[in-house]
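> Would you mind keeping the following structure in view while I ask a few things?
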Amino acid sequence: MSAKITINAQPRWPDVNDDYAVQFEGHSIGRVRRDGTIWVWSITIPMALPEWAEGSAAGRDEGFKALAAAWGRLLAQTNPERLQRAWELEKAFEARQQSLATIKSDDIQP
């Protein structure tokens with residue numbers, strides 16, 4: 001029996017209800033968004049991913065379910081050390097983005 005996978009989703013922007021950022025245990029793992037009449041989903045973590053790590057669905061909830069199923073599969077098939085390295089790359093990227101934002105705001109002088 002497999003453990004239940006719990007993902008969290010929030011709109012990527014306020015007032016936009018057709019584009020969601022998806023997280024798992026505090027890590028950004030993907031996106032579910034409307035593309036015309038379908039919903040597309042994808043796992044987006046900093047590592048090589050299989051083709052089945054993205055797809056489409058008829059509705060938003062189906063997109064979340066498909067992403068959660070693919071995420072569970074990825075967790076089962078990924079070496080924990082490899083996943084830890086992806087989380088480290090995620091943190092390094094976020095730190096770099098914050099550093100660049102600080103430099104940019106320092107350049108703006110009243």
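By convention in this document, the chains of the structure tokens carry letters A, B, ... by their order, each chain's residues are numbered from 1, and ligands are numbered from 1 in the order they are shown.
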Please extract the residues of chain A with a backbone DSSP assignment of strand (DSSP E or B) and present them as an mmCIF file with all heavy atoms, in the first residue's frame.

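And here is the file that came out, result_9.cif:
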```
data_model
loop_
_atom_site.group_PDB
_atom_site.id
_atom_site.type_symbol
_atom_site.label_atom_id
_atom_site.label_comp_id
_atom_site.auth_asym_id
_atom_site.auth_seq_id
_atom_site.Cartn_x
_atom_site.Cartn_y
_atom_site.Cartn_z
ATOM 1 N N ASN A 8 0.060 20.924 -2.206
ATOM 2 C CA ASN A 8 -0.616 22.194 -1.955
ATOM 3 C C ASN A 8 -0.526 23.030 -3.221
ATOM 4 O O ASN A 8 0.489 23.019 -3.905
ATOM 5 C CB ASN A 8 0.060 22.950 -0.803
ATOM 6 C CG ASN A 8 -0.002 22.174 0.489
ATOM 7 O OD1 ASN A 8 -1.058 21.694 0.866
ATOM 8 N ND2 ASN A 8 1.123 22.031 1.153
ATOM 9 N N ALA A 9 -1.596 23.758 -3.501
ATOM 10 C CA ALA A 9 -1.596 24.608 -4.694
ATOM 11 C C ALA A 9 -2.161 25.973 -4.346
ATOM 12 O O ALA A 9 -3.082 26.091 -3.550
ATOM 13 C CB ALA A 9 -2.424 23.964 -5.796
ATOM 14 N N GLN A 10 -1.567 26.972 -4.948
ATOM 15 C CA GLN A 10 -2.015 28.345 -4.797
ATOM 16 C C GLN A 10 -1.961 29.017 -6.156
ATOM 17 O O GLN A 10 -1.079 28.708 -6.958
ATOM 18 C CB GLN A 10 -1.101 29.121 -3.848
ATOM 19 C CG GLN A 10 -1.065 28.613 -2.454
ATOM 20 C CD GLN A 10 -0.122 29.460 -1.615
ATOM 21 O OE1 GLN A 10 0.201 30.591 -1.943
ATOM 22 N NE2 GLN A 10 0.339 28.909 -0.513
ATOM 23 N N PRO A 11 -2.880 29.949 -6.395
ATOM 24 C CA PRO A 11 -2.763 30.715 -7.653
ATOM 25 C C PRO A 11 -1.388 31.374 -7.719
ATOM 26 O O PRO A 11 -0.863 31.859 -6.718
ATOM 27 C CB PRO A 11 -3.869 31.755 -7.548
ATOM 28 C CG PRO A 11 -4.868 31.141 -6.612
ATOM 29 C CD PRO A 11 -4.045 30.363 -5.616
ATOM 30 N N ASP A 19 -4.103 29.365 -13.088
ATOM 31 C CA ASP A 19 -2.677 29.093 -13.112
ATOM 32 C C ASP A 19 -2.212 28.895 -11.668
ATOM 33 O O ASP A 19 -2.267 29.827 -10.869
ATOM 34 C CB ASP A 19 -1.924 30.234 -13.778
ATOM 35 C CG ASP A 19 -0.502 29.867 -14.159
ATOM 36 O OD1 ASP A 19 0.033 28.861 -13.643
ATOM 37 O OD2 ASP A 19 0.079 30.586 -14.981
ATOM 38 N N TYR A 20 -1.795 27.672 -11.339
ATOM 39 C CA TYR A 20 -1.469 27.324 -9.961
ATOM 40 C C TYR A 20 -0.042 26.835 -9.809
ATOM 41 O O TYR A 20 0.442 26.048 -10.623
ATOM 42 C CB TYR A 20 -2.401 26.214 -9.461
ATOM 43 C CG TYR A 20 -3.838 26.653 -9.366
ATOM 44 C CD1 TYR A 20 -4.666 26.606 -10.477
ATOM 45 C CD2 TYR A 20 -4.353 27.132 -8.172
ATOM 46 C CE1 TYR A 20 -5.983 27.020 -10.399
ATOM 47 C CE2 TYR A 20 -5.675 27.544 -8.087
ATOM 48 C CZ TYR A 20 -6.485 27.488 -9.200
ATOM 49 O OH TYR A 20 -7.778 27.905 -9.130
ATOM 50 N N ALA A 21 0.616 27.292 -8.753
ATOM 51 C CA ALA A 21 1.917 26.777 -8.349
ATOM 52 C C ALA A 21 1.648 25.636 -7.377
ATOM 53 O O ALA A 21 0.797 25.751 -6.493
ATOM 54 C CB ALA A 21 2.732 27.872 -7.672
ATOM 55 N N VAL A 22 2.369 24.531 -7.533
ATOM 56 C CA VAL A 22 2.134 23.345 -6.715
ATOM 57 C C VAL A 22 3.364 23.077 -5.849
ATOM 58 O O VAL A 22 4.499 23.139 -6.332
ATOM 59 C CB VAL A 22 1.819 22.123 -7.603
ATOM 60 C CG1 VAL A 22 1.551 20.890 -6.746
ATOM 61 C CG2 VAL A 22 0.625 22.416 -8.510
ATOM 62 N N GLN A 23 3.108 22.782 -4.567
ATOM 63 C CA GLN A 23 4.187 22.503 -3.635
ATOM 64 C C GLN A 23 3.977 21.163 -2.937
ATOM 65 O O GLN A 23 2.846 20.700 -2.792
ATOM 66 C CB GLN A 23 4.281 23.592 -2.571
ATOM 67 C CG GLN A 23 4.707 24.936 -3.107
ATOM 68 C CD GLN A 23 5.064 25.888 -1.985
ATOM 69 O OE1 GLN A 23 4.583 25.762 -0.868
ATOM 70 N NE2 GLN A 23 5.927 26.840 -2.292
ATOM 71 N N PHE A 24 5.085 20.591 -2.499
ATOM 72 C CA PHE A 24 5.093 19.363 -1.719
ATOM 73 C C PHE A 24 6.107 19.553 -0.609
ATOM 74 O O PHE A 24 7.275 19.841 -0.881
ATOM 75 C CB PHE A 24 5.482 18.171 -2.597
ATOM 76 C CG PHE A 24 5.655 16.885 -1.844
ATOM 77 C CD1 PHE A 24 4.550 16.164 -1.431
ATOM 78 C CD2 PHE A 24 6.913 16.400 -1.559
ATOM 79 C CE1 PHE A 24 4.706 14.975 -0.736
ATOM 80 C CE2 PHE A 24 7.077 15.206 -0.869
ATOM 81 C CZ PHE A 24 5.968 14.495 -0.457
ATOM 82 N N HIS A 27 8.397 22.526 -0.895
ATOM 83 C CA HIS A 27 9.199 22.658 -2.113
ATOM 84 C C HIS A 27 8.285 22.886 -3.313
ATOM 85 O O HIS A 27 7.253 22.237 -3.453
ATOM 86 C CB HIS A 27 10.018 21.388 -2.370
ATOM 87 C CG HIS A 27 11.006 21.089 -1.297
ATOM 88 N ND1 HIS A 27 12.203 21.759 -1.179
ATOM 89 C CD2 HIS A 27 10.967 20.194 -0.283
ATOM 90 C CE1 HIS A 27 12.863 21.294 -0.144
ATOM 91 N NE2 HIS A 27 12.139 20.344 0.424
ATOM 92 N N SER A 28 8.702 23.797 -4.173
ATOM 93 C CA SER A 28 7.982 24.011 -5.422
ATOM 94 C C SER A 28 8.236 22.810 -6.323
ATOM 95 O O SER A 28 9.393 22.474 -6.599
ATOM 96 C CB SER A 28 8.485 25.288 -6.092
ATOM 97 O OG SER A 28 7.863 25.455 -7.341
ATOM 98 N N ILE A 29 7.142 22.142 -6.754
ATOM 99 C CA ILE A 29 7.339 20.942 -7.576
ATOM 100 C C ILE A 29 6.678 21.022 -8.940
ATOM 101 O O ILE A 29 6.913 20.178 -9.791
ATOM 102 C CB ILE A 29 6.852 19.661 -6.864
ATOM 103 C CG1 ILE A 29 5.344 19.707 -6.616
ATOM 104 C CG2 ILE A 29 7.642 19.423 -5.590
ATOM 105 C CD1 ILE A 29 4.719 18.360 -6.314
ATOM 106 N N GLY A 30 5.823 22.025 -9.168
ATOM 107 C CA GLY A 30 5.193 22.040 -10.475
ATOM 108 C C GLY A 30 4.140 23.105 -10.644
ATOM 109 O O GLY A 30 4.028 24.046 -9.858
ATOM 110 N N ARG A 31 3.360 22.889 -11.682
ATOM 111 C CA ARG A 31 2.378 23.892 -12.094
ATOM 112 C C ARG A 31 1.194 23.195 -12.754
ATOM 113 O O ARG A 31 1.360 22.210 -13.482
ATOM 114 C CB ARG A 31 3.053 24.823 -13.083
ATOM 115 C CG ARG A 31 2.252 25.969 -13.562
ATOM 116 C CD ARG A 31 3.122 26.839 -14.448
ATOM 117 N NE ARG A 31 2.370 27.976 -14.968
ATOM 118 C CZ ARG A 31 2.789 28.744 -15.924
ATOM 119 N NH1 ARG A 31 3.952 28.523 -16.498
ATOM 120 N NH2 ARG A 31 2.052 29.754 -16.335
ATOM 121 N N VAL A 32 0.005 23.733 -12.513
ATOM 122 C CA VAL A 32 -1.219 23.318 -13.198
ATOM 123 C C VAL A 32 -1.856 24.595 -13.713
ATOM 124 O O VAL A 32 -2.067 25.544 -12.954
ATOM 125 C CB VAL A 32 -2.196 22.577 -12.248
ATOM 126 C CG1 VAL A 32 -3.504 22.255 -12.941
ATOM 127 C CG2 VAL A 32 -1.560 21.307 -11.691
ATOM 128 N N ARG A 33 -2.138 24.637 -15.030
ATOM 129 C CA ARG A 33 -2.714 25.865 -15.594
ATOM 130 C C ARG A 33 -3.626 25.529 -16.775
ATOM 131 O O ARG A 33 -3.488 24.482 -17.406
ATOM 132 C CB ARG A 33 -1.614 26.812 -16.054
ATOM 133 C CG ARG A 33 -0.808 26.292 -17.205
ATOM 134 C CD ARG A 33 0.289 27.265 -17.617
ATOM 135 N NE ARG A 33 1.096 26.709 -18.663
ATOM 136 C CZ ARG A 33 0.793 26.751 -19.961
ATOM 137 N NH1 ARG A 33 -0.321 27.355 -20.365
ATOM 138 N NH2 ARG A 33 1.580 26.217 -20.861
ATOM 139 N N ARG A 34 -4.534 26.464 -17.033
ATOM 140 C CA ARG A 34 -5.413 26.289 -18.181
ATOM 141 C C ARG A 34 -4.694 26.771 -19.432
ATOM 142 O O ARG A 34 -4.018 27.795 -19.434
ATOM 143 C CB ARG A 34 -6.712 27.071 -18.012
ATOM 144 C CG ARG A 34 -7.663 26.753 -19.153
ATOM 145 C CD ARG A 34 -8.978 27.473 -19.192
ATOM 146 N NE ARG A 34 -9.282 28.347 -18.114
ATOM 147 C CZ ARG A 34 -10.479 28.392 -17.524
ATOM 148 N NH1 ARG A 34 -11.430 27.572 -17.895
ATOM 149 N NH2 ARG A 34 -10.717 29.249 -16.568
ATOM 150 N N ASP A 35 -4.861 26.011 -20.491
ATOM 151 C CA ASP A 35 -4.303 26.367 -21.796
ATOM 152 C C ASP A 35 -5.436 26.187 -22.804
ATOM 153 O O ASP A 35 -5.646 25.086 -23.314
ATOM 154 C CB ASP A 35 -3.111 25.477 -22.130
ATOM 155 C CG ASP A 35 -2.420 25.881 -23.425
ATOM 156 O OD1 ASP A 35 -2.779 26.934 -23.998
ATOM 157 O OD2 ASP A 35 -1.532 25.135 -23.870
ATOM 158 N N ILE A 38 -8.145 23.118 -22.253
ATOM 159 C CA ILE A 38 -7.625 22.019 -21.440
ATOM 160 C C ILE A 38 -6.772 22.582 -20.305
ATOM 161 O O ILE A 38 -6.418 23.761 -20.291
ATOM 162 C CB ILE A 38 -6.786 21.025 -22.274
ATOM 163 C CG1 ILE A 38 -5.538 21.733 -22.842
ATOM 164 C CG2 ILE A 38 -7.619 20.384 -23.367
ATOM 165 C CD1 ILE A 38 -4.525 20.781 -23.433
ATOM 166 N N TRP A 39 -6.450 21.717 -19.377
ATOM 167 C CA TRP A 39 -5.546 22.060 -18.292
ATOM 168 C C TRP A 39 -4.263 21.271 -18.486
ATOM 169 O O TRP A 39 -4.303 20.072 -18.744
ATOM 170 C CB TRP A 39 -6.177 21.728 -16.944
ATOM 171 C CG TRP A 39 -7.259 22.693 -16.585
ATOM 172 C CD1 TRP A 39 -8.533 22.717 -17.079
ATOM 173 C CD2 TRP A 39 -7.148 23.795 -15.698
ATOM 174 N NE1 TRP A 39 -9.229 23.768 -16.541
ATOM 175 C CE2 TRP A 39 -8.393 24.446 -15.681
ATOM 176 C CE3 TRP A 39 -6.120 24.306 -14.902
ATOM 177 C CZ2 TRP A 39 -8.635 25.569 -14.910
ATOM 178 C CZ3 TRP A 39 -6.366 25.419 -14.127
ATOM 179 C CH2 TRP A 39 -7.609 26.046 -14.134
ATOM 180 N N VAL A 40 -3.132 21.950 -18.401
ATOM 181 C CA VAL A 40 -1.845 21.284 -18.518
ATOM 182 C C VAL A 40 -1.177 21.283 -17.151
ATOM 183 O O VAL A 40 -1.355 22.200 -16.345
ATOM 184 C CB VAL A 40 -0.939 21.931 -19.588
ATOM 185 C CG1 VAL A 40 -1.520 21.725 -20.972
ATOM 186 C CG2 VAL A 40 -0.720 23.406 -19.327
ATOM 187 N N TRP A 41 -0.440 20.235 -16.900
ATOM 188 C CA TRP A 41 0.263 20.102 -15.633
ATOM 189 C C TRP A 41 1.691 19.651 -15.908
ATOM 190 O O TRP A 41 1.957 19.017 -16.929
ATOM 191 C CB TRP A 41 -0.455 19.115 -14.699
ATOM 192 C CG TRP A 41 -0.588 17.739 -15.270
ATOM 193 C CD1 TRP A 41 -1.616 17.249 -16.010
ATOM 194 C CD2 TRP A 41 0.368 16.688 -15.167
ATOM 195 N NE1 TRP A 41 -1.361 15.960 -16.380
ATOM 196 C CE2 TRP A 41 -0.152 15.577 -15.861
ATOM 197 C CE3 TRP A 41 1.617 16.555 -14.556
ATOM 198 C CZ2 TRP A 41 0.525 14.374 -15.962
ATOM 199 C CZ3 TRP A 41 2.296 15.351 -14.661
ATOM 200 C CH2 TRP A 41 1.737 14.277 -15.346
ATOM 201 N N SER A 42 2.587 19.999 -15.001
ATOM 202 C CA SER A 42 3.970 19.567 -15.162
ATOM 203 C C SER A 42 4.687 19.598 -13.823
ATOM 204 O O SER A 42 4.416 20.440 -12.972
ATOM 205 C CB SER A 42 4.712 20.448 -16.167
ATOM 206 O OG SER A 42 4.694 21.792 -15.751
ATOM 207 N N ILE A 43 5.577 18.649 -13.681
ATOM 208 C CA ILE A 43 6.494 18.645 -12.550
ATOM 209 C C ILE A 43 7.707 19.437 -13.005
ATOM 210 O O ILE A 43 8.238 19.200 -14.093
ATOM 211 C CB ILE A 43 6.883 17.206 -12.153
ATOM 212 C CG1 ILE A 43 5.641 16.459 -11.641
ATOM 213 C CG2 ILE A 43 7.996 17.219 -11.111
ATOM 214 C CD1 ILE A 43 5.868 14.986 -11.389
ATOM 215 N N GLU A 54 4.760 15.339 -17.254
ATOM 216 C CA GLU A 54 3.887 16.415 -17.700
ATOM 217 C C GLU A 54 2.762 15.821 -18.532
ATOM 218 O O GLU A 54 2.889 14.725 -19.074
ATOM 219 C CB GLU A 54 4.648 17.472 -18.498
ATOM 220 C CG GLU A 54 5.264 16.961 -19.775
ATOM 221 C CD GLU A 54 6.069 18.035 -20.481
ATOM 222 O OE1 GLU A 54 6.215 19.149 -19.952
ATOM 223 O OE2 GLU A 54 6.546 17.756 -21.575
ATOM 224 N N GLY A 55 1.659 16.555 -18.597
ATOM 225 C CA GLY A 55 0.529 16.057 -19.377
ATOM 226 C C GLY A 55 -0.608 17.063 -19.393
ATOM 227 O O GLY A 55 -0.434 18.225 -19.028
ATOM 228 N N SER A 56 -1.753 16.594 -19.798
ATOM 229 C CA SER A 56 -2.927 17.469 -19.855
ATOM 230 C C SER A 56 -4.129 16.735 -19.285
ATOM 231 O O SER A 56 -4.124 15.509 -19.164
ATOM 232 C CB SER A 56 -3.201 17.910 -21.291
ATOM 233 O OG SER A 56 -3.478 16.795 -22.102
ATOM 234 N N ALA A 57 -5.146 17.522 -18.940
ATOM 235 C CA ALA A 57 -6.363 16.970 -18.354
ATOM 236 C C ALA A 57 -7.544 17.823 -18.789
ATOM 237 O O ALA A 57 -7.387 18.983 -19.184
ATOM 238 C CB ALA A 57 -6.250 16.968 -16.829
#
```
> Within 10 Å of segment 80-83 of chain A, counting only C-alpha atoms, which residues qualify if same-chain residues fewer than 6 places away don't, as a PyMOL selection string?
chain A and resi 45-47+74+89
> Where does DSSP see alpha helix (DSSP H) in segment 3-101 of chain A, if you list the residues as a PyMOL selection string?
chain A and resi 60-77+80-101
> Using Å and a single decimal, report how far atom CA of Thr6 of chain A sits from atom CA of Ala95 of chain A.
26.1 Å
> Quick one: distance from atom CA of Gly63 of chain A to atom CA of Gly36 of chain A in Å, one decimal?
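If I compute the distance from atom CA of Gly63 of chain A to atom CA of Gly36 of chain A, I get 14.0 Å.
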